[in-house]
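Working notes, beginning with the structure itself.
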Amino acid sequence: MLNIAIDGPSGAGKSTIAKEIAKRLNIIYLDTGAMYRAIGLKAVRLGIDTNDRDGVLTFLDNTEIKIEYNDGVQVIYLDGENVSSAIREHHISKAASNVSKIPEVRLKLVAMQRDIASKNNVILDGRDITSYVLKDANYKFYLTATPEERAKRRYKELIEKGQDVQYDKVLADINDRDYNDTHRDFAPLTLTEDSVYIDSTDLEIEQAIDKILSYIK
Ligand code: DC
């Protein structure tokens, strides 16, 4: 199976780029962040503090996450409900980052990710794909950009979706999530020695895609 892994901080353009590469290579795209978002969403809906491990463990085993593809587009189901839009709400980003620190949450989702990768040609993006989930992936990339550039992109995206956000708050949230994602104990975001490092701050999406494809072809 062909496995392409992309890690990097929030807002680096991973999902936009991975989606396009999947289309061009005719393989599937697995957005692993969506899985952590679904668990975060469930905790928020249940009124459980997303930093409370015991609280999250009360529902984790009774939670079904399902991934399907509709015309090549990933659809995620939480206990049978399509939550593909609900997980994109801005406040769910922090909830996802918080629950992603809980080892049991990671183990459950990593098992699903490995299973999908073992059966499909797939490009995955996340935080721990190159360092933990698929250490032996055929190709590994670390995609990043400055926090200010990432905040600018995320702000634009949220405004276009009609969400009511402030740039300063988006930047603060990005810095906060960067800290969270790189400092957790279990499988934190790291740049592995065998990943190709790509800084997309001054790159157009198309240039970043070409750069990644130049390694794959
Ligand atoms: O990529 P994203 O913004 O949708 O991810 C949401 C959060 O999920 C992110 O802040 C950290 C966590 N995450 C993770 O810990 N490991 C992954 N492989 C993907 C996401």
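Chain labels follow the order of the structure tokens: the first chain is A, the next B, and so on; residue numbering restarts at 1 in every chain, and ligands are counted from 1 in their shown order.
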Give me, as a ChimeraX atom specification, the set of residues whose atoms come within 6 Å of any atom of ligand 1, counting only C-alpha atoms and all ligand atoms. /A:10,32-34,36-37,93,96-97,100,126-129,177,181
Close residues, stretch 58-73 of chain A itself excluded, 8 Å, only C-alpha atoms, min 2 positions apart in chain, as a PyMOL selection string: chain A and resi 23+28-29+35+38-39+54-56+75-80+105
Just to be explicit: take each residue in the selection above, keep C-alpha atoms, and write the result as a short mmCIF file (atom, residue, chain, number, x, y, z; two decimals), in the first residue's frame.
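See selection_1.cif below for the written result:
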data_model
loop_
_atom_site.label_atom_id
_atom_site.label_comp_id
_atom_site.auth_asym_id
_atom_site.auth_seq_id
_atom_site.Cartn_x
_atom_site.Cartn_y
_atom_site.Cartn_z
CA LYS A 23 -7.20 13.63 -5.97
CA ILE A 28 -7.86 8.46 -0.36
CA TYR A 29 -7.25 11.30 2.06
CA MET A 35 -11.35 12.07 14.54
CA ALA A 38 -15.36 14.25 16.88
CA ILE A 39 -14.30 13.08 20.35
CA ASP A 54 -11.75 10.48 33.76
CA GLY A 55 -14.70 12.42 32.38
CA VAL A 56 -13.75 11.64 28.78
CA VAL A 75 -17.46 12.06 5.82
CA ILE A 76 -17.17 11.45 9.55
CA TYR A 77 -19.91 9.92 11.70
CA LEU A 78 -20.09 10.21 15.48
CA ASP A 79 -22.43 7.55 16.90
CA GLY A 80 -24.18 7.39 13.54
CA VAL A 105 -8.24 8.58 23.04
#
Within 10 Å of A:Asp49 using only C-alpha atoms, minus same-chain residues under 4 positions, as a PyMOL selection string: chain A and resi 40+43-44+53-56+95+98-99
Only C-alpha atoms, please: the residues just picked out, written as a short mmCIF file (atom, residue, chain, number, x, y, z; two decimals), in the first residue's frame.
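Output below, filename part_27.cif:
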data_model
loop_
_atom_site.label_atom_id
_atom_site.label_comp_id
_atom_site.auth_asym_id
_atom_site.auth_seq_id
_atom_site.Cartn_x
_atom_site.Cartn_y
_atom_site.Cartn_z
CA GLY A 40 -13.90 16.73 21.43
CA ALA A 43 -17.30 15.83 25.27
CA VAL A 44 -18.53 19.39 24.69
CA ARG A 53 -9.39 12.41 31.48
CA ASP A 54 -11.75 10.48 33.76
CA GLY A 55 -14.70 12.42 32.38
CA VAL A 56 -13.75 11.64 28.78
CA ALA A 95 -11.56 20.73 22.55
CA ASN A 98 -7.33 18.85 24.76
CA VAL A 99 -8.80 15.38 24.31
#
Got a sec: who's within 7 Å of stretch 11-19 of chain A, counting only C-alpha atoms, leaving out chain neighbours fewer than 2 positions off, as a list in words?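 That gives Ile6, Gly8, Pro9, Ile21, Ala22, Lys23, Tyr29, Asp31, Ile123, Asp125, Leu143, Thr144, Ala145, Arg150, Ala151, Arg153, Arg154, Ile205 and Ile209 of chain A.
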Extract the full set of alpha helix (DSSP H) residues from stretch 7-213 of chain A according to DSSP on the backbone, and format it as a ChimeraX atom specification. /A:14-25,32-46,53-60,90-99,103-119,147-160,167-183,205-213
Take the residues that were just selected and, keeping C-alpha atoms, output them as a CSV table (one decimal), in the first residue's frame.
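See again.csv below for the written result:
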chain,number,residue,atom,x,y,z
A,14,LYS,CA,-1.9,20.3,5.4
A,15,SER,CA,-5.5,19.3,4.7
A,16,THR,CA,-5.9,21.5,1.6
A,17,ILE,CA,-2.7,20.2,0.2
A,18,ALA,CA,-3.3,16.5,1.2
A,19,LYS,CA,-6.8,16.6,-0.3
A,20,GLU,CA,-5.5,17.9,-3.7
A,21,ILE,CA,-2.6,15.3,-3.7
A,22,ALA,CA,-5.1,12.5,-3.0
A,23,LYS,CA,-7.2,13.6,-6.0
A,24,ARG,CA,-4.2,13.8,-8.3
A,25,LEU,CA,-2.8,10.4,-7.2
A,32,THR,CA,-7.0,12.3,11.4
A,33,GLY,CA,-7.7,15.7,13.1
A,34,ALA,CA,-11.4,15.1,12.3
A,35,MET,CA,-11.4,12.1,14.5
A,36,TYR,CA,-10.0,14.0,17.5
A,37,ARG,CA,-12.5,16.8,16.8
A,38,ALA,CA,-15.4,14.3,16.9
A,39,ILE,CA,-14.3,13.1,20.3
A,40,GLY,CA,-13.9,16.7,21.4
A,41,LEU,CA,-17.4,17.5,20.1
A,42,LYS,CA,-18.9,14.7,22.0
A,43,ALA,CA,-17.3,15.8,25.3
A,44,VAL,CA,-18.5,19.4,24.7
A,45,ARG,CA,-22.1,18.2,23.9
A,46,LEU,CA,-22.1,16.1,27.1
A,53,ARG,CA,-9.4,12.4,31.5
A,54,ASP,CA,-11.8,10.5,33.8
A,55,GLY,CA,-14.7,12.4,32.4
A,56,VAL,CA,-13.7,11.6,28.8
A,57,LEU,CA,-13.2,8.0,29.7
A,58,THR,CA,-16.8,7.7,30.8
A,59,PHE,CA,-18.0,7.8,27.2
A,60,LEU,CA,-15.0,6.8,25.1
A,90,HIS,CA,-13.9,27.2,16.0
A,91,HIS,CA,-14.4,26.2,19.6
A,92,ILE,CA,-14.1,22.5,18.8
A,93,SER,CA,-10.4,23.0,17.8
A,94,LYS,CA,-9.3,23.5,21.4
A,95,ALA,CA,-11.6,20.7,22.6
A,96,ALA,CA,-9.9,18.4,20.0
A,97,SER,CA,-6.4,19.5,21.1
A,98,ASN,CA,-7.3,18.8,24.8
A,99,VAL,CA,-8.8,15.4,24.3
A,103,PRO,CA,-3.6,8.3,25.8
A,104,GLU,CA,-6.7,6.2,25.6
A,105,VAL,CA,-8.2,8.6,23.0
A,106,ARG,CA,-5.1,8.4,21.0
A,107,LEU,CA,-4.8,4.6,21.2
A,108,LYS,CA,-8.4,4.2,20.0
A,109,LEU,CA,-8.0,6.5,17.0
A,110,VAL,CA,-4.5,5.4,16.1
A,111,ALA,CA,-5.7,1.8,15.8
A,112,MET,CA,-8.4,3.0,13.3
A,113,GLN,CA,-5.9,5.0,11.4
A,114,ARG,CA,-3.4,2.1,11.1
A,115,ASP,CA,-6.2,-0.2,9.9
A,116,ILE,CA,-7.3,2.2,7.2
A,117,ALA,CA,-3.6,2.7,6.1
A,118,SER,CA,-3.0,-1.0,5.9
A,119,LYS,CA,-5.9,-1.5,3.5
A,147,PRO,CA,2.1,31.4,13.4
A,148,GLU,CA,1.1,34.8,11.9
A,149,GLU,CA,0.7,33.4,8.4
A,150,ARG,CA,-1.2,30.3,9.7
A,151,ALA,CA,-3.5,32.6,11.8
A,152,LYS,CA,-4.1,34.8,8.7
A,153,ARG,CA,-5.2,31.8,6.6
A,154,ARG,CA,-7.4,30.3,9.4
A,155,TYR,CA,-9.0,33.6,10.0
A,156,LYS,CA,-9.9,34.0,6.3
A,157,GLU,CA,-11.3,30.5,6.2
A,158,LEU,CA,-13.5,31.0,9.2
A,159,ILE,CA,-14.7,34.4,8.0
A,160,GLU,CA,-15.6,32.9,4.7
A,167,TYR,CA,-7.7,37.8,14.1
A,168,ASP,CA,-6.0,38.3,17.4
A,169,LYS,CA,-8.0,35.6,19.0
A,170,VAL,CA,-7.3,33.2,16.1
A,171,LEU,CA,-3.6,33.9,16.5
A,172,ALA,CA,-3.7,33.4,20.3
A,173,ASP,CA,-5.6,30.1,19.7
A,174,ILE,CA,-3.0,28.9,17.2
A,175,ASN,CA,-0.1,29.6,19.7
A,176,ASP,CA,-2.0,27.9,22.4
A,177,ARG,CA,-2.7,24.8,20.3
A,178,ASP,CA,0.9,24.7,19.1
A,179,TYR,CA,2.0,24.6,22.7
A,180,ASN,CA,-0.5,21.9,23.6
A,181,ASP,CA,0.3,19.8,20.5
A,182,THR,CA,4.1,19.9,20.9
A,183,HIS,CA,4.2,19.5,24.7
A,205,ILE,CA,-0.8,26.2,-2.3
A,206,GLU,CA,0.0,25.1,-5.8
A,207,GLN,CA,3.8,25.5,-5.2
A,208,ALA,CA,3.6,23.5,-2.0
A,209,ILE,CA,1.7,20.7,-3.8
A,210,ASP,CA,4.3,20.6,-6.6
A,211,LYS,CA,7.1,20.5,-4.1
A,212,ILE,CA,5.5,17.5,-2.3
A,213,LEU,CA,4.7,15.7,-5.6
Which parts of stretch 110-207 of chain A does DSSP call strand (DSSP E or B) when run on the backbone here, written out as a PyMOL selection string? chain A and resi 122-126+139-144+196-199
Output file for the residues above (N, CA, C and O atoms, as a compact mmCIF listing (two decimals), in the first residue's frame):
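What follows is the written file result.txt:
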# COMPACT_ATOMS: atom_id res chain seq x y z
N VAL A 122 -3.21 5.70 0.76
CA VAL A 122 -3.78 6.83 1.51
C VAL A 122 -2.74 7.90 1.82
O VAL A 122 -1.56 7.60 2.02
N ILE A 123 -3.21 9.14 1.84
CA ILE A 123 -2.39 10.24 2.35
C ILE A 123 -3.07 10.69 3.64
O ILE A 123 -4.29 10.92 3.66
N LEU A 124 -2.32 10.75 4.73
CA LEU A 124 -2.89 11.12 6.03
C LEU A 124 -2.22 12.38 6.52
O LEU A 124 -1.01 12.55 6.33
N ASP A 125 -2.97 13.23 7.19
CA ASP A 125 -2.32 14.35 7.85
C ASP A 125 -2.71 14.38 9.32
O ASP A 125 -3.74 13.85 9.71
N GLY A 126 -1.79 14.94 10.12
CA GLY A 126 -2.04 14.99 11.56
C GLY A 126 -0.87 15.59 12.29
O GLY A 126 -0.22 16.54 11.81
N TYR A 139 6.40 7.92 2.29
CA TYR A 139 6.86 9.31 2.19
C TYR A 139 6.40 10.08 3.41
O TYR A 139 5.25 9.92 3.85
N LYS A 140 7.29 10.91 3.93
CA LYS A 140 6.96 11.68 5.15
C LYS A 140 7.30 13.15 4.95
O LYS A 140 8.42 13.48 4.48
N PHE A 141 6.38 14.00 5.34
CA PHE A 141 6.58 15.45 5.20
C PHE A 141 6.21 16.16 6.49
O PHE A 141 5.30 15.72 7.21
N TYR A 142 6.90 17.27 6.72
CA TYR A 142 6.54 18.15 7.84
C TYR A 142 6.27 19.51 7.23
O TYR A 142 7.16 20.15 6.67
N LEU A 143 5.01 19.91 7.29
CA LEU A 143 4.60 21.15 6.64
C LEU A 143 4.29 22.21 7.70
O LEU A 143 3.47 21.99 8.59
N THR A 144 4.94 23.36 7.57
CA THR A 144 4.69 24.40 8.55
C THR A 144 4.66 25.77 7.90
O THR A 144 4.82 25.91 6.68
N VAL A 196 10.61 15.28 5.13
CA VAL A 196 11.00 16.42 4.32
C VAL A 196 10.34 17.66 4.94
O VAL A 196 9.12 17.67 5.12
N TYR A 197 11.14 18.66 5.26
CA TYR A 197 10.63 19.87 5.93
C TYR A 197 10.23 20.90 4.88
O TYR A 197 11.03 21.27 4.02
N ILE A 198 8.99 21.34 4.94
CA ILE A 198 8.52 22.34 3.97
C ILE A 198 7.92 23.53 4.72
O ILE A 198 6.95 23.37 5.46
N ASP A 199 8.49 24.71 4.52
CA ASP A 199 7.95 25.93 5.11
C ASP A 199 7.10 26.60 4.04
O ASP A 199 7.63 27.04 3.01
